[in-house]
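A.B. asks: A single structure is presented below for examination.
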Amino acid sequence: MPRIDATSVAAEWQLADWLAYQEQLHPRAIVLDLERVREVAQRLGLLPPRAVTLTVAGTNGKGSSVTLAAGIYQAAGYRVGRYLSPHLLEYNERIAVDGVDASDQQLCAAFSAIERARSEILLTYFEFGTLAALWIFREVRCDVQVLEVGLGGRLDAVNIVDADCALITNIGIDHTDWLGPDRDSIGREKAGILRPGQPAICAERAPPQGLIAEASRLEARLQIAGTDFGFDKRSGDWSWTGGAATVTELPPPALEGEVQYVNASGVLAAVRALHDRLPVPDHAIRSALRGMRLRGRYEKRERFVLDVAHNVESAEVLADNLRADPVSGATWLVLGMLSDKPVEGVCSALASEIDGAWFASLPPPRGLGGHVLARRSAQSGLDGIACDSVEAAFRAVVARAEPGDRILICGSFLTVSAAARLIDE
């Protein structure tokens with residue numbers, strides 16, 4: 001695509017114009033290569049960043065971990081930049097400062113600066129967004145930035161920044177075409193965000209050997225859950241211990257599910273590792289735990305449950321949450337998934353908790369058709385009705401549900417986003 005005159009359009013293009021432009025700028029949606037994005041970041045003066053950087057990678061739990069860490073630092077009085085992906089409803093959700101989503105004007109200014117700096121260099125949609133986050137955090141002089149890795153770790157655009165502390169939530173089998181076929185290879189890729197001599201936190205009690213070996217090769221200061229830090233859950237509260245540090249009388253995380261204690265424990269280990277540079281009082285931790293909010297993670301809205309679970313591990317957590325949160329009636333499912341996700345494994349994990357299912361078609365090229373999804377799901381013991389869209393599945397299940405029933409919508413950010421808009425209507 002020919003390069004635009006960013007100076008002339010900066011005052012004219014709206015956010016939607018910029019996003020449409022970025023979607024077609026690079027011939028490939030995903031490019032795992034840091035040279036191009038690092039060069040543009042250097043032209044923009046974004047490296048090294050002024051802000052202390054906490055980078056978060058993992059298969060599941062990244063969003064809640066980033067949200068909690070950003071909330072803790074905000075409650076402690078720091079100016080905090082938070083970067084998440086993907087978004088659920090609006091692009092602005094990806095980038096926030098002190099808990100406030102970036103405005104259209106901020107994003108357009110960032111994109112215009114990036115367009116001027118990139119010159120002949122092609123960037124992907126995600127690379128544009130990552131650079132925009134770093135540019136906005138620099139412009140507003142953030143004290144700390146909490147960055148979520150989009151895909152993998154070693155070659156993700158976020159990894160152009162040398163993390164002062166890296167947190168890896170867990171390692172599951174996902175994105176195998178890009179990261180490798182097993183936990184060892186995936187763990188090694190995710191460990192690529194670690195840096196020599198810097199603290200590296202793994203929230204998983206039994207990480208794959210590939211992650212441990214890569215941390216050793218990089219000479220990172222690895223801390224592993226259950227060995228170097230941990231938590232003790234009691235009736236009504238919990239405590240965290242790491243080394244000589246202990247935080248007691250912690251409130252339950254506001255996000256539901258037992259796994260949130262695991263995620264929070266990893267976050268507290270990262271916060272403690274950065275304590276010399278960013279001191280945090282215990283009351284800030286308690287405040288952030290109570291105030292956690294993240295759409296699409298076992299989000300309950302009247303009789304609906306919205307969850308972006310799309311791999312086996314997250315589906316197993318979702319099933320656990322459903323069992324721990326019974327309803328008087330039936331549980332109906334609206335499921336829409338992408339073609340590169342483990343459909344059979346997800347459906348197998350959920351099948352025992354579901355009384356009936358509607359399978360929604362998602363748009364090509366990555367989206368699965370409802371009939372294909374229904375056929376593959378049936379192999380895992382989960383039968384249902386194929387629909388041409390999320391809207392059609394949504395309206396069918398609403399017509400079927402009775403008082404006391406629960407409607408679960410999951411499988412993809414695209415599925416949950418479409419359903420959330422319908423609920424809002």
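As shown in the structure tokens, the chain order sets the letters A, B, ...; within each chain, residues go from 1, and ligands are also counted from 1 in the order they appear.
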Which residues are near segment 287-291 of chain A? Cut-off 9 Å, only C-alpha atoms, ignore same chain within fewer than 2 positions. Put them as a PyMOL selection string.
C.D. replies: chain A and resi 67-75+250-255+264+282-285+293
A.B. asks: Quick one: residues within 9 Å of segment 53-65 of chain A, only C-alpha atoms counted, chain neighbours fewer than 5 positions away excluded, as an NGL selection string?
C.D. replies: :A and (70 or 84-85 or 143-153 or 158-159 or 161-174 or 187 or 190-191 or 193-194 or 255 or 259-260 or 263-264 or 266-267 or 270-271 or 274 or 292-294 or 297 or 309 or 311 or 313-314)
A.B. asks: Restricting it to C-alpha atoms, dump the selection as an mmCIF file, in the first residue's frame.
C.D. replies:
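Generated output (part.cif):
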data_model
loop_
_atom_site.group_PDB
_atom_site.id
_atom_site.type_symbol
_atom_site.label_atom_id
_atom_site.label_comp_id
_atom_site.auth_asym_id
_atom_site.auth_seq_id
_atom_site.Cartn_x
_atom_site.Cartn_y
_atom_site.Cartn_z
ATOM 1 C CA ALA A 70 -1.783 -1.699 37.102
ATOM 2 C CA LEU A 84 -3.893 -5.080 26.896
ATOM 3 C CA SER A 85 -4.890 -6.942 23.751
ATOM 4 C CA ASP A 143 6.070 6.137 36.240
ATOM 5 C CA VAL A 144 5.351 2.492 35.420
ATOM 6 C CA GLN A 145 3.977 0.656 32.399
ATOM 7 C CA VAL A 146 2.405 -2.797 32.552
ATOM 8 C CA LEU A 147 2.475 -4.475 29.141
ATOM 9 C CA GLU A 148 0.673 -7.615 28.008
ATOM 10 C CA VAL A 149 2.446 -9.756 25.431
ATOM 11 C CA GLY A 150 0.174 -10.491 22.492
ATOM 12 C CA LEU A 151 1.594 -13.751 21.113
ATOM 13 C CA GLY A 152 4.379 -15.832 22.601
ATOM 14 C CA GLY A 153 7.098 -13.596 23.973
ATOM 15 C CA VAL A 158 6.131 -5.809 23.231
ATOM 16 C CA ASN A 159 9.533 -7.456 23.660
ATOM 17 C CA VAL A 161 11.212 -3.108 25.638
ATOM 18 C CA ASP A 162 13.679 -4.519 28.159
ATOM 19 C CA ALA A 163 11.444 -5.477 31.064
ATOM 20 C CA ASP A 164 12.560 -4.489 34.552
ATOM 21 C CA CYS A 165 10.515 -7.481 35.708
ATOM 22 C CA ALA A 166 8.811 -10.202 33.672
ATOM 23 C CA LEU A 167 5.809 -12.244 34.787
ATOM 24 C CA ILE A 168 4.771 -15.475 33.072
ATOM 25 C CA THR A 169 1.341 -16.588 34.200
ATOM 26 C CA ASN A 170 1.225 -20.169 32.911
ATOM 27 C CA ILE A 171 2.110 -22.309 29.899
ATOM 28 C CA GLY A 172 -0.587 -24.105 27.912
ATOM 29 C CA ILE A 173 -0.871 -25.523 24.413
ATOM 30 C CA ASP A 174 -1.954 -22.658 22.167
ATOM 31 C CA GLY A 187 7.697 -22.103 27.456
ATOM 32 C CA LYS A 190 7.523 -17.101 26.376
ATOM 33 C CA ALA A 191 10.739 -16.968 28.421
ATOM 34 C CA ILE A 193 10.770 -11.726 27.594
ATOM 35 C CA LEU A 194 13.225 -12.353 30.449
ATOM 36 C CA LEU A 255 -12.742 -11.451 39.615
ATOM 37 C CA VAL A 259 -7.390 -19.345 39.493
ATOM 38 C CA GLN A 260 -7.498 -15.640 40.354
ATOM 39 C CA ASN A 263 -2.743 -15.031 39.155
ATOM 40 C CA ALA A 264 -2.766 -12.548 42.037
ATOM 41 C CA GLY A 266 2.236 -14.054 40.736
ATOM 42 C CA VAL A 267 1.431 -10.354 40.502
ATOM 43 C CA ALA A 270 6.378 -9.174 40.662
ATOM 44 C CA VAL A 271 5.344 -6.134 42.703
ATOM 45 C CA LEU A 274 10.216 -4.176 42.015
ATOM 46 C CA MET A 292 -10.478 -5.509 39.888
ATOM 47 C CA ARG A 293 -12.658 -5.213 36.793
ATOM 48 C CA LEU A 294 -12.055 -6.957 33.456
ATOM 49 C CA ARG A 297 -13.622 -12.984 32.264
ATOM 50 C CA ALA A 309 -12.063 -18.825 27.157
ATOM 51 C CA ASN A 311 -8.225 -23.000 24.809
ATOM 52 C CA GLU A 313 -6.826 -24.706 30.045
ATOM 53 C CA SER A 314 -9.155 -21.699 30.132
#
A.B. asks: Nearest to Arg323 of chain A among A:Gly81, A:Ser239, A:Val140, A:Ala349, with distances taken over only C-alpha atoms: which residue is it?
C.D. replies: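 Of A:Gly81, A:Ser239, A:Val140, A:Ala349, the one nearest Arg323 of chain A, counting only C-alpha atoms, is A:Ala349.
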A.B. asks: Run DSSP on the backbone and grab whatever in segment 236-381 of chain A lands in strand (DSSP E or B); send it over as a PyMOL selection string.
C.D. replies: chain A and resi 238-242+245-250+299-301+304-307+331-335+338+356-360+367
A.B. asks: Would you output that residue set with C-alpha atoms, as a CSV table (one decimal), in the first residue's frame?
C.D. replies:
chain,number,residue,atom,x,y,z
A,238,TRP,CA,-5.8,-14.9,52.2
A,239,SER,CA,-2.1,-14.2,52.7
A,240,TRP,CA,0.9,-14.1,50.4
A,241,THR,CA,4.5,-14.9,51.3
A,242,GLY,CA,7.7,-14.5,49.3
A,245,ALA,CA,7.9,-10.6,52.9
A,246,THR,CA,4.4,-11.4,54.0
A,247,VAL,CA,1.1,-9.7,53.3
A,248,THR,CA,-1.9,-10.8,55.4
A,249,GLU,CA,-5.6,-10.2,55.5
A,250,LEU,CA,-6.0,-9.8,51.8
A,299,GLU,CA,-18.4,-11.7,33.7
A,300,LYS,CA,-21.9,-12.1,35.0
A,301,ARG,CA,-24.7,-9.9,33.6
A,304,PHE,CA,-25.6,-14.2,31.1
A,305,VAL,CA,-22.0,-15.3,31.8
A,306,LEU,CA,-19.5,-13.9,29.3
A,307,ASP,CA,-16.1,-15.6,29.1
A,331,THR,CA,-27.0,-23.9,31.6
A,332,TRP,CA,-27.2,-23.1,27.9
A,333,LEU,CA,-24.2,-22.4,25.7
A,334,VAL,CA,-23.5,-20.1,22.8
A,335,LEU,CA,-20.1,-21.1,21.4
A,338,LEU,CA,-11.7,-19.6,15.5
A,356,GLY,CA,-27.8,-27.5,25.4
A,357,ALA,CA,-25.7,-25.6,22.9
A,358,TRP,CA,-26.0,-23.3,19.9
A,359,PHE,CA,-22.9,-23.0,17.6
A,360,ALA,CA,-22.4,-19.6,16.0
A,367,GLY,CA,-13.7,-18.0,12.0
A.B. asks: Between A:Leu88, A:Ile212, A:Leu222, A:Ala393, which has the minimum distance to Ser412 of chain A (counting only C-alpha atoms)?
C.D. replies: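 Using only C-alpha atoms, Ser412 of chain A sits closest to A:Leu88.
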A.B. asks: Select from segment 76-315 of chain A everything DSSP, run on the backbone, classes as alpha helix (DSSP H), then give the selection as a PyMOL selection string.
C.D. replies: chain A and resi 104-118+125-139+176-179+183-190+209-218+259-273+282-291+312-315
A.B. asks: Any idea what's packed within 12 Å of segment 100-106 of chain A, counting only C-alpha atoms, ignoring anything in its chain fewer than 5 positions away? Could you give it as an MDAnalysis selection string?
C.D. replies: chainID A and resid 10:19 70:71 74 79:84 87 90:95 111:113 129 132:137 139:140
A.B. asks: For Tyr78 of chain A, which residue among A:Arg277, A:Pro49, A:Ala392, A:Ser380 is the nearest when counting only C-alpha atoms?
C.D. replies: A:Arg277
